$ cat query15.csv   # CSV, C-alpha atoms
chain,number,residue,atom,x,y,z
A,1,MET,CA,84.0,113.1,47.0
A,2,SER,CA,80.6,111.9,48.1
A,3,THR,CA,78.0,114.1,49.7
A,4,ILE,CA,75.3,113.4,52.3
A,5,TYR,CA,72.0,115.2,51.8
A,6,GLY,CA,68.9,115.3,54.0
A,7,TYR,CA,65.6,115.9,52.2
A,8,CYS,CA,62.7,117.3,54.2
A,9,ARG,CA,59.2,118.0,52.9
A,10,ILE,CA,55.9,119.2,54.2
A,11,SER,CA,52.7,119.4,52.2
A,12,THR,CA,50.6,121.6,54.4
A,13,SER,CA,51.1,124.7,56.5
A,14,ARG,CA,50.0,122.8,59.6
A,15,GLN,CA,53.2,120.6,59.5
A,16,ASN,CA,56.5,121.5,61.0
A,17,ILE,CA,59.5,120.8,58.7
A,18,GLU,CA,62.0,121.5,61.5
A,19,ARG,CA,61.1,118.2,63.2
A,20,GLN,CA,62.4,116.3,60.1
A,21,VAL,CA,65.5,118.5,60.1
A,22,ARG,CA,66.2,117.7,63.7
A,23,ASN,CA,65.7,114.0,63.2
A,24,ILE,CA,68.2,113.9,60.3
A,25,LYS,CA,70.8,116.2,61.9
A,26,GLU,CA,70.7,114.1,65.1
A,27,LYS,CA,72.1,111.1,63.3
A,28,TYR,CA,73.8,112.8,60.3
A,29,PRO,CA,75.1,116.2,61.6
A,30,ASP,CA,77.0,116.9,58.4
A,31,ALA,CA,74.1,116.4,56.1
A,32,LEU,CA,73.2,119.2,53.7
A,33,ILE,CA,69.5,119.9,54.3
A,34,VAL,CA,67.2,120.4,51.3
A,35,LYS,CA,63.8,121.8,52.3
A,36,GLU,CA,60.6,121.5,50.3
A,37,THR,CA,57.5,123.3,51.7
A,38,TYR,CA,53.8,123.2,50.7
A,39,SER,CA,54.5,120.6,47.9
A,40,GLY,CA,51.2,118.7,48.0
A,41,ARG,CA,50.6,115.4,46.2
A,42,TYR,CA,49.8,116.9,42.8
A,43,ILE,CA,52.3,119.8,42.8
A,44,GLU,CA,55.7,119.6,41.4
A,45,ARG,CA,58.7,119.4,43.8
A,46,PRO,CA,61.4,121.7,42.3
A,47,MET,CA,63.9,121.3,45.2
A,48,PHE,CA,63.7,117.5,45.0
A,49,GLU,CA,64.0,117.5,41.2
A,50,ARG,CA,67.1,119.8,41.6
A,51,LEU,CA,68.6,117.5,44.1
A,52,LEU,CA,68.1,114.5,41.9
A,53,GLY,CA,69.9,116.3,39.1
A,54,GLU,CA,72.9,117.0,41.4
A,55,LEU,CA,73.3,113.5,42.8
A,56,LYS,CA,76.3,111.5,41.8
A,57,LYS,CA,77.6,108.0,42.4
A,58,GLY,CA,78.4,107.5,46.1
A,59,ASP,CA,76.1,110.2,47.4
A,60,THR,CA,73.6,109.5,50.1
A,61,VAL,CA,70.1,110.9,50.7
A,62,ILE,CA,68.5,110.8,54.1
A,63,PHE,CA,64.7,110.8,54.6
A,64,ASP,CA,62.8,111.1,57.9
A,65,SER,CA,60.4,108.5,56.4
A,66,VAL,CA,59.5,106.7,53.2
A,67,SER,CA,56.5,109.1,52.8
A,68,ARG,CA,58.9,112.1,52.3
A,69,MET,CA,60.6,110.5,49.3
A,70,SER,CA,57.5,109.9,47.1
A,71,ARG,CA,53.9,110.9,46.8
A,72,ASN,CA,52.7,107.4,45.9
A,73,SER,CA,53.9,103.8,46.0
A,74,LYS,CA,54.6,103.3,42.3
A,75,GLU,CA,56.7,106.5,42.0
A,76,GLY,CA,58.6,105.6,45.2
A,77,SER,CA,59.5,102.1,44.3
A,78,GLU,CA,60.6,103.0,40.8
A,79,LEU,CA,62.7,105.9,42.0
A,80,TYR,CA,64.3,103.7,44.7
A,81,GLU,CA,65.3,101.1,42.0
A,82,LYS,CA,66.7,103.8,39.7
A,83,LEU,CA,68.8,105.5,42.4
A,84,PHE,CA,70.0,102.1,43.7
A,85,LYS,CA,71.3,101.2,40.2
A,86,GLU,CA,73.1,104.5,40.1
A,87,ASN,CA,74.9,103.7,43.3
A,88,ILE,CA,73.1,106.4,45.3
A,89,SER,CA,72.5,105.3,48.9
A,90,LEU,CA,69.1,105.9,50.5
A,91,VAL,CA,68.5,106.0,54.2
A,92,PHE,CA,65.0,106.1,55.8
A,93,LEU,CA,65.2,106.9,59.6
A,94,LYS,CA,61.7,105.4,60.4
A,95,GLU,CA,62.1,102.4,58.0
A,96,PRO,CA,65.8,101.3,58.3
A,97,HIS,CA,65.0,97.8,57.1
A,98,ILE,CA,64.7,99.1,53.5
A,99,ASN,CA,67.8,101.3,53.4
A,100,THR,CA,69.7,100.6,50.2
A,101,GLU,CA,72.6,99.2,52.3
A,102,ILE,CA,70.4,96.5,53.6
A,103,TYR,CA,69.0,95.8,50.1
A,104,ARG,CA,72.5,95.7,48.6
A,105,LYS,CA,73.7,93.2,51.2
A,106,ALA,CA,70.7,91.0,50.6
A,107,LEU,CA,71.5,90.9,46.9
A,108,GLU,CA,75.2,90.3,47.5
A,109,ALA,CA,74.7,87.6,50.2
A,110,LYS,CA,74.2,84.9,47.6
A,111,VAL,CA,74.5,81.2,48.6
A,112,PRO,CA,77.8,80.0,47.0
A,113,LEU,CA,77.4,77.5,44.2
A,114,THR,CA,78.9,74.0,44.5
A,115,GLY,CA,79.5,73.1,40.9
A,116,ASN,CA,77.0,70.2,40.8
A,117,ASN,CA,73.3,69.6,40.4
A,118,VAL,CA,72.6,71.2,43.8
A,119,ASP,CA,73.3,74.5,42.2
A,120,LEU,CA,69.9,74.4,40.6
A,121,ILE,CA,68.4,74.6,44.1
A,122,LEU,CA,70.9,77.2,45.3
A,123,GLU,CA,70.2,79.4,42.3
A,124,GLY,CA,66.5,79.2,43.1
A,125,ILE,CA,67.2,80.3,46.7
A,126,ASN,CA,69.3,83.3,45.5
A,127,LYS,CA,66.5,84.4,43.2
A,128,TYR,CA,64.0,84.1,46.0
A,129,LEU,CA,66.2,86.3,48.3
A,130,MET,CA,66.3,89.0,45.6
A,131,VAL,CA,62.5,88.8,45.1
A,132,LEU,CA,61.9,88.9,48.9
A,133,ALA,CA,64.1,92.0,49.3
A,134,LYS,CA,62.2,93.8,46.5
A,135,GLU,CA,58.9,92.8,48.1
A,136,GLN,CA,59.9,94.4,51.4
A,137,ILE,CA,60.7,97.7,49.6
A,138,GLN,CA,57.4,97.7,47.7
A,139,LEU,CA,55.5,96.8,50.9
A,140,ALA,CA,57.1,99.8,52.7
A,141,PHE,CA,56.0,102.2,50.0
A,142,ASP,CA,52.5,100.6,49.8
A,143,GLN,CA,52.1,101.0,53.5
A,144,SER,CA,53.2,104.6,53.4
A,145,GLU,CA,50.7,105.5,50.7
A,146,LYS,CA,47.9,103.7,52.7
A,147,GLU,CA,48.7,105.7,55.8
A,148,VAL,CA,48.5,109.0,53.9
A,149,GLN,CA,45.2,108.0,52.4
A,150,ASP,CA,43.8,106.9,55.8
A,151,LEU,CA,44.8,110.2,57.3
A,152,ARG,CA,43.1,112.1,54.5
A,153,GLN,CA,40.0,110.0,55.0
A,154,ARG,CA,39.9,110.6,58.8
A,155,THR,CA,40.4,114.3,58.2
A,156,ARG,CA,37.5,114.5,55.8
A,157,GLU,CA,35.3,112.5,58.2
A,158,GLY,CA,36.3,114.8,61.1
A,159,MET,CA,35.5,117.9,59.0
A,160,LYS,CA,32.1,116.5,58.0
A,161,THR,CA,31.2,115.7,61.6
A,162,ALA,CA,32.2,119.1,62.7
A,163,SER,CA,30.2,120.7,59.9
A,164,LEU,CA,27.1,118.7,60.8
A,165,ASN,CA,27.5,119.9,64.4
A,166,GLY,CA,27.5,123.5,63.3
A,167,LYS,CA,31.2,124.2,63.8
A,168,GLN,CA,33.1,126.6,61.5
A,169,ILE,CA,35.7,124.7,59.5
A,170,GLY,CA,38.8,126.7,58.5
A,171,ILE,CA,38.7,130.4,57.6
A,172,LYS,CA,35.4,132.0,56.7
A,173,LYS,CA,35.0,132.8,53.0
A,174,GLY,CA,36.4,136.2,52.1
A,175,THR,CA,38.8,136.2,55.1
A,176,LYS,CA,42.4,136.9,54.2
A,177,LEU,CA,45.0,134.9,56.2
A,178,ILE,CA,48.1,137.1,56.7
A,179,THR,CA,51.3,135.3,57.5
A,180,LYS,CA,55.0,136.1,57.2
A,181,LYS,CA,55.1,133.9,54.1
A,182,SER,CA,52.2,135.7,52.4
A,183,ILE,CA,53.7,139.1,53.2
A,184,LYS,CA,57.0,138.1,51.7
A,185,ALA,CA,55.5,136.5,48.6
A,186,LYS,CA,53.2,139.5,47.9
A,187,SER,CA,56.1,141.8,48.2
A,188,ILE,CA,58.0,139.8,45.5
A,189,ILE,CA,54.9,139.7,43.3
A,190,LEU,CA,54.5,143.5,43.5
A,191,LYS,CA,58.1,144.1,42.6
A,192,LYS,CA,58.6,141.4,39.9
A,193,SER,CA,55.2,140.7,38.2
A,194,ARG,CA,54.5,142.3,34.9
A,195,THR,CA,51.0,142.9,36.1
A,196,PHE,CA,52.5,145.5,38.6
A,197,ASN,CA,55.0,146.9,36.1
A,198,GLY,CA,57.7,144.4,36.9
A,199,ASN,CA,59.7,142.5,34.3
A,200,ASN,CA,59.0,138.8,35.1
A,201,THR,CA,56.3,136.4,33.8
A,202,ASP,CA,53.9,134.6,36.2
A,203,GLU,CA,55.9,131.4,36.1
A,204,GLU,CA,59.1,133.2,36.9
A,205,VAL,CA,57.6,135.1,39.8
A,206,MET,CA,56.1,131.8,41.2
A,207,LYS,CA,59.6,130.4,41.4
A,208,LEU,CA,61.1,133.5,42.9
A,209,ALA,CA,58.4,133.6,45.6
A,210,GLY,CA,58.6,129.9,46.1
A,211,ILE,CA,54.9,129.3,46.1
A,212,ALA,CA,52.5,127.0,44.3
A,213,LYS,CA,50.4,128.1,41.3
A,214,GLY,CA,47.1,128.3,43.1
A,215,THR,CA,48.7,130.3,46.0
A,216,TYR,CA,50.3,132.7,43.5
A,217,TYR,CA,47.1,133.6,41.7
A,218,LYS,CA,45.3,133.9,45.0
A,219,TYR,CA,47.8,136.5,46.3
A,220,LYS,CA,47.9,138.2,42.9
A,221,HIS,CA,44.1,138.6,42.9
A,222,GLU,CA,44.2,139.9,46.5
A,223,LEU,CA,46.8,142.5,45.5
A,224,ILE,CA,44.7,143.7,42.5
A,225,GLU,CA,41.7,144.0,44.8
A,226,GLU,CA,43.8,146.0,47.3
A,227,GLN,CA,44.9,148.4,44.6
A,228,ILE,CA,41.3,148.9,43.3
A,229,GLU,CA,40.1,149.6,46.9
A,230,SER,CA,42.9,152.1,47.5
A,231,MET,CA,42.0,153.9,44.3
A,232,GLY,CA,38.3,154.1,45.3

$ encode --input "query15.csv" --output "structure tokens"
Amino acid sequence: MSTIYGYCRISTSRQNIERQVRNIKEKYPDALIVKETYSGRYIERPMFERLLGELKKGDTVIFDSVSRMSRNSKEGSELYEKLFKENISLVFLKEPHINTEIYRKALEAKVPLTGNNVDLILEGINKYLMVLAKEQIQLAFDQSEKEVQDLRQRTREGMKTASLNGKQIGIKKGTKLITKKSIKAKSIILKKSRTFNGNNTDEEVMKLAGIAKGTYYKYKHELIEEQIESMG
């Protein structure tokens, strides 16, 4: 029996993953939602890797957009081709023209051969249609990567302008940002980390807390400081 999955990912705390969930559920109410949070471009995506390991022939994966599937154009186009060959259907709500169903129809809609010399021309047309379909897919991933890069550039320029105008950017150095996520993660670190008399390694606690390596060591350092301060 085939399964429909909805994969949602955000890479910063400023983004809202629920928007992606709503978009997918609106069109695919039975989709099993897989959420990935704070998985920046250079950080592993454990939930997505787990999903890829569970996919089987006939399954479908829904993405809000192409940018949610991959972190760069090369990775995205290669993964698209791999999943397509494994008969996994891919749906992109914002770029429906590259859904695997469209691609599959383009490859199947070959011009019938006639059995004579005209077939040489018809074979050339069929090959061209396949190349054209692949180019459309690659173009979508290229455009997605460019949009992400442009957004980062605009953000950097905005921060630089604000800094030149004397505005404080982000949190002042030394300030601790307390959130529900940080409270929960620190609680797990205190209970599980060997540093605090727990039984788990740093790598194991990172997975249990669901946080990135940099965030884990930041929280761990803050907890050590808090214990030192309490002892003083």

$ closest_residue --input "query15.csv" --among "A:Ser65, A:Thr179, A:Ser73, A:Thr3" --to "A:Tyr28" --atoms "only C-alpha atoms"
A:Thr3

$ closest_residue --input "query15.csv" --among "A:His221, A:Lys181, A:Lys207, A:Lys94" --to "A:Asn23" --atoms "all atoms listed in the file"
A:Lys94

$ atom_distance --input "query15.csv" --atom1 "atom CA of A:Thr37" --atom2 "atom CA of A:Glu204"
17.9 Å

$ atom_distance --input "query15.csv" --atom1 "atom CA of A:Gly6" --atom2 "atom CA of A:Met206"
24.5 Å

$ residues_around --input "query15.csv" --residues "A:Ile137" --least-positions-apart "6" --cutoff "9 Å" --atoms "all atoms listed in the file" --output "MDAnalysis selection string"
chainID A and resid 77 80 97:99 103

$ closest_residue --input "query15.csv" --among "A:Lys56, A:Lys180, A:Arg104, A:Lys35" --to "A:Glu81" --atoms "all atoms listed in the file"
A:Arg104

$ closest_residue --input "query15.csv" --among "A:Ile62, A:Leu223, A:Ile102, A:Val205" --to "A:Arg9" --atoms "all atoms listed in the file"
A:Ile62

$ atom_distance --input "query15.csv" --atom1 "atom CA of A:Asp30" --atom2 "atom CA of A:Thr60"
11.6 Å

$ closest_residue --input "query15.csv" --among "A:Asp202, A:Met69, A:Gly53, A:Leu208" --to "A:Ser187" --atoms "all atoms listed in the file"
A:Leu208

$ closest_residue --input "query15.csv" --among "A:Glu49, A:Glu203, A:Glu222, A:Asp59" --to "A:Met1" --atoms "all atoms listed in the file"
A:Asp59
